[in-house]
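Q: One structure, pasted below without further comment.
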2 protein chains.
Amino acid sequence: MGKGEYLGEFEQMVLLALIRLDDNAYGMTIRQTIQERTRRPVAIGQVYSALDRLEHKGFLSSRLGGPEPIRGGRAKKLFRLTPAGAAALTHSRGMMAQMAEGLDVDGVESV
Amino acid sequence: MGKGEYLGEFEQMVLLALIRLDDNAYGMTIRQTIQERTRRPVAIGQVYSALDRLEHKGFLSSRLGGPEPIRGGRAKKLFRLTPAGAAALTHSRGMMAQMAEGLDVDGVESV
DNA sequence: TCGTATTTGCTCATTTTTGCAGAAGTATTA
DNA sequence: TAATACTTCTGCAAAAATGAGCAAATACGA
């Protein structure tokens with residue numbers, strides 16, 4: 001990958017949330033997924049600005065979903081990972097894995 | 001980020017390099033380790049500024065090594081991980097692991 | 001049914017922190 | 001004085017983080 005094509009930490013989390021949420025990935029569910037899994041508070045604006053950046057870079061795409069018949073159920077902006085996004089994620093994770101390879105860093109790794 | 005609670009991607013790499021290099025961790029070797037393992041070019045200034053920040057946050061400590069009898073062998077500033085740094089690293093990695101848990105994201109995981 | 005409250009969801013502006021790049025400076029040996 | 005190994009400084013770009021406010025939908029009482 002060329003320059004400036006690396007993913008930040010939070011961006012990686014967003015992409016991982018996309019994969020997990022599949023067809024139900026939009027701002028609120030992405031935020032919720034990250035909060036629940038990491039147990040850290042996430043401001044909603046942060047999610048959307050990461051999504052913007054990632055879309056600009058071609059790492060995800062968006063489409064507008066229909067409104068749902070529940071109170072407040074307005075139309076959602078749904079996101080999905082692109083092939084380029086998947087590749088970038090794999091690459092970033094690979095680099096980190098290489099850095100950690102062979103080290104005892106996450107507690108006991110293999111019991 | 002924000003309040004310096006979380007580690008950025010590059011900061012994690014620096015801490016992992018420290019562990020790997022043990023008693024031989026200083027600017028140049030840290031840079032080299034990251035470059036070799038990730039196959040991405042790393043500017044030396046970036047390494048030192050990350051080291052500065054991490055030291056300020058108490059995630060690593062430094063001491064001055066003695067000069068060595070080789071041409072240009074001036075004194076090195078040696079770094080080592082603190083317990084707080086180890087904890088922060090484990091925590092960051094744990095959050096990412098939680099995000100990825102159960103997903104098929106790194107190709108075939110167990111070949 | 002009108003108006004307003006409530007809920008879900010999104011946008012925008014701003015600041016702080018990290019990432020990145022290269023030039024400059026320092027200490028040491030040849 | 002020159003070469004080498006290493007560190008520091010400076011400036012800008014990108015990412016992370018915060019917070020306020022806008023928009024669209026349903027609920028519900030007057």
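By convention in this document, the chains of the structure tokens carry letters A, B, ... by their order, each chain's residues are numbered from 1, and ligands are numbered from 1 in the order they are shown.
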As a ChimeraX atom specification, please: every residue in chain B that a backbone DSSP assignment puts in alpha helix (DSSP H).
A: /B:9-21,27-38,44-56,83-100
Q: Take the selection from the previous step and output its residues with C-alpha atoms, as a CSV table (one decimal), in the first residue's frame.
A:
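Done, and the output landed in result-v3.csv:
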```
chain,number,residue,atom,x,y,z
B,9,GLU,CA,-1.4,2.0,16.3
B,10,PHE,CA,2.2,3.2,16.0
B,11,GLU,CA,2.5,3.5,19.7
B,12,GLN,CA,1.6,-0.1,20.1
B,13,MET,CA,4.2,-1.0,17.6
B,14,VAL,CA,6.8,0.9,19.5
B,15,LEU,CA,5.9,-0.8,22.7
B,16,LEU,CA,6.1,-4.2,21.1
B,17,ALA,CA,9.5,-3.4,19.6
B,18,LEU,CA,10.7,-2.5,23.2
B,19,ILE,CA,9.7,-5.9,24.4
B,20,ARG,CA,11.3,-7.6,21.6
B,21,LEU,CA,14.6,-5.7,21.9
B,27,GLY,CA,15.8,4.9,18.7
B,28,MET,CA,17.6,3.3,15.8
B,29,THR,CA,16.9,-0.3,16.8
B,30,ILE,CA,13.3,0.4,17.4
B,31,ARG,CA,13.0,2.0,14.0
B,32,GLN,CA,14.8,-0.9,12.4
B,33,THR,CA,12.6,-3.5,14.1
B,34,ILE,CA,9.4,-1.9,13.0
B,35,GLN,CA,10.6,-1.4,9.5
B,36,GLU,CA,11.8,-5.0,9.1
B,37,ARG,CA,8.7,-6.6,10.6
B,38,THR,CA,6.1,-4.4,9.0
B,44,ILE,CA,13.2,8.4,12.7
B,45,GLY,CA,11.6,11.5,14.1
B,46,GLN,CA,8.3,9.7,14.3
B,47,VAL,CA,9.9,7.1,16.5
B,48,TYR,CA,11.4,9.6,18.9
B,49,SER,CA,8.2,11.7,19.2
B,50,ALA,CA,6.2,8.5,20.0
B,51,LEU,CA,8.9,7.6,22.6
B,52,ASP,CA,8.6,11.1,24.1
B,53,ARG,CA,4.9,10.9,24.4
B,54,LEU,CA,4.9,7.4,25.8
B,55,GLU,CA,7.5,8.4,28.4
B,56,HIS,CA,5.4,11.3,29.5
B,83,PRO,CA,4.3,-2.0,34.2
B,84,ALA,CA,1.8,0.7,33.3
B,85,GLY,CA,3.0,0.5,29.7
B,86,ALA,CA,2.6,-3.3,29.7
B,87,ALA,CA,-0.9,-2.9,31.1
B,88,ALA,CA,-1.9,-0.3,28.5
B,89,LEU,CA,-0.6,-2.5,25.7
B,90,THR,CA,-2.4,-5.5,27.0
B,91,HIS,CA,-5.6,-3.5,27.3
B,92,SER,CA,-5.4,-2.1,23.8
B,93,ARG,CA,-4.7,-5.4,22.3
B,94,GLY,CA,-7.5,-6.9,24.4
B,95,MET,CA,-10.0,-4.4,23.0
B,96,MET,CA,-9.0,-5.2,19.5
B,97,ALA,CA,-9.2,-8.9,20.1
B,98,GLN,CA,-12.7,-8.5,21.4
B,99,MET,CA,-13.7,-6.6,18.3
B,100,ALA,CA,-12.3,-9.4,16.1
```
Q: Find the residues of chain C in contact range of chain B, meaning any atom within 8 Å when counting only C-alpha atoms (C1' of nucleotides), and list them as a PyMOL selection string.
A: chain C and resi 16-21+27-30
Q: Would you give me, as a PDB file with N, CA and C atoms, in the first residue's frame, the residues in chain B that DSSP reads as strand (DSSP E or B)?
A:
```pdb
ATOM      1  N   TYR B  26      16.672   1.184  21.624  1.00  0.00           N
ATOM      2  CA  TYR B  26      16.880   2.631  21.509  1.00  0.00           C
ATOM      3  C   TYR B  26      16.424   3.055  20.128  1.00  0.00           C
ATOM      4  N   LEU B  60       6.769   4.076  29.457  1.00  0.00           N
ATOM      5  CA  LEU B  60       8.119   3.546  29.340  1.00  0.00           C
ATOM      6  C   LEU B  60       9.078   4.450  30.085  1.00  0.00           C
ATOM      7  N   SER B  61      10.264   3.938  30.350  1.00  0.00           N
ATOM      8  CA  SER B  61      11.263   4.746  31.038  1.00  0.00           C
ATOM      9  C   SER B  61      12.542   4.711  30.223  1.00  0.00           C
ATOM     10  N   SER B  62      13.411   5.691  30.473  1.00  0.00           N
ATOM     11  CA  SER B  62      14.641   5.736  29.703  1.00  0.00           C
ATOM     12  C   SER B  62      15.847   5.892  30.615  1.00  0.00           C
ATOM     13  N   ARG B  63      16.971   5.422  30.120  1.00  0.00           N
ATOM     14  CA  ARG B  63      18.226   5.635  30.825  1.00  0.00           C
ATOM     15  C   ARG B  63      19.285   5.815  29.764  1.00  0.00           C
ATOM     16  N   LEU B  64      20.390   6.430  30.158  1.00  0.00           N
ATOM     17  CA  LEU B  64      21.435   6.689  29.189  1.00  0.00           C
ATOM     18  C   LEU B  64      22.449   5.555  29.210  1.00  0.00           C
ATOM     19  N   LYS B  77      20.206   6.345  24.149  1.00  0.00           N
ATOM     20  CA  LYS B  77      19.149   6.497  25.137  1.00  0.00           C
ATOM     21  C   LYS B  77      18.334   5.220  25.081  1.00  0.00           C
ATOM     22  N   LEU B  78      18.441   4.448  26.131  1.00  0.00           N
ATOM     23  CA  LEU B  78      17.794   3.144  26.135  1.00  0.00           C
ATOM     24  C   LEU B  78      16.428   3.208  26.799  1.00  0.00           C
ATOM     25  N   PHE B  79      15.501   2.475  26.236  1.00  0.00           N
ATOM     26  CA  PHE B  79      14.131   2.515  26.732  1.00  0.00           C
ATOM     27  C   PHE B  79      13.671   1.156  27.215  1.00  0.00           C
ATOM     28  N   ARG B  80      12.810   1.201  28.206  1.00  0.00           N
ATOM     29  CA  ARG B  80      12.177  -0.050  28.607  1.00  0.00           C
ATOM     30  C   ARG B  80      10.726   0.186  29.008  1.00  0.00           C
ATOM     31  N   LEU B  81       9.955  -0.831  28.848  1.00  0.00           N
ATOM     32  CA  LEU B  81       8.537  -0.777  29.165  1.00  0.00           C
ATOM     33  C   LEU B  81       8.329  -0.707  30.669  1.00  0.00           C
TER      34      LEU B  81
END
```
Q: Would you work out the distance separating atom C1' of DA24 of chain D from atom C1' of DT4 of chain C, expressed in Å to one decimal?
A: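 Those two atoms sit 14.8 Å apart.
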Q: Using Å and a single decimal, report how far atom CA of Pro41 of chain A sits from atom CA of Gly107 of chain B.
A: 29.8 Å
Q: Over all C-alpha atoms, paired in order, superpose chain A onto chain B by least squares and report how large the RMSD is in Å.
A: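 Per the least-squares fit, the RMSD is 1.5 Å.
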Q: One decimal, in Å: what's the spacing between atom C1' of DC2 of chain C and atom C1' of DG29 of chain D?
A: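 One can read the atom C1' of DC2 of chain C to atom C1' of DG29 of chain D distance as 10.6 Å.
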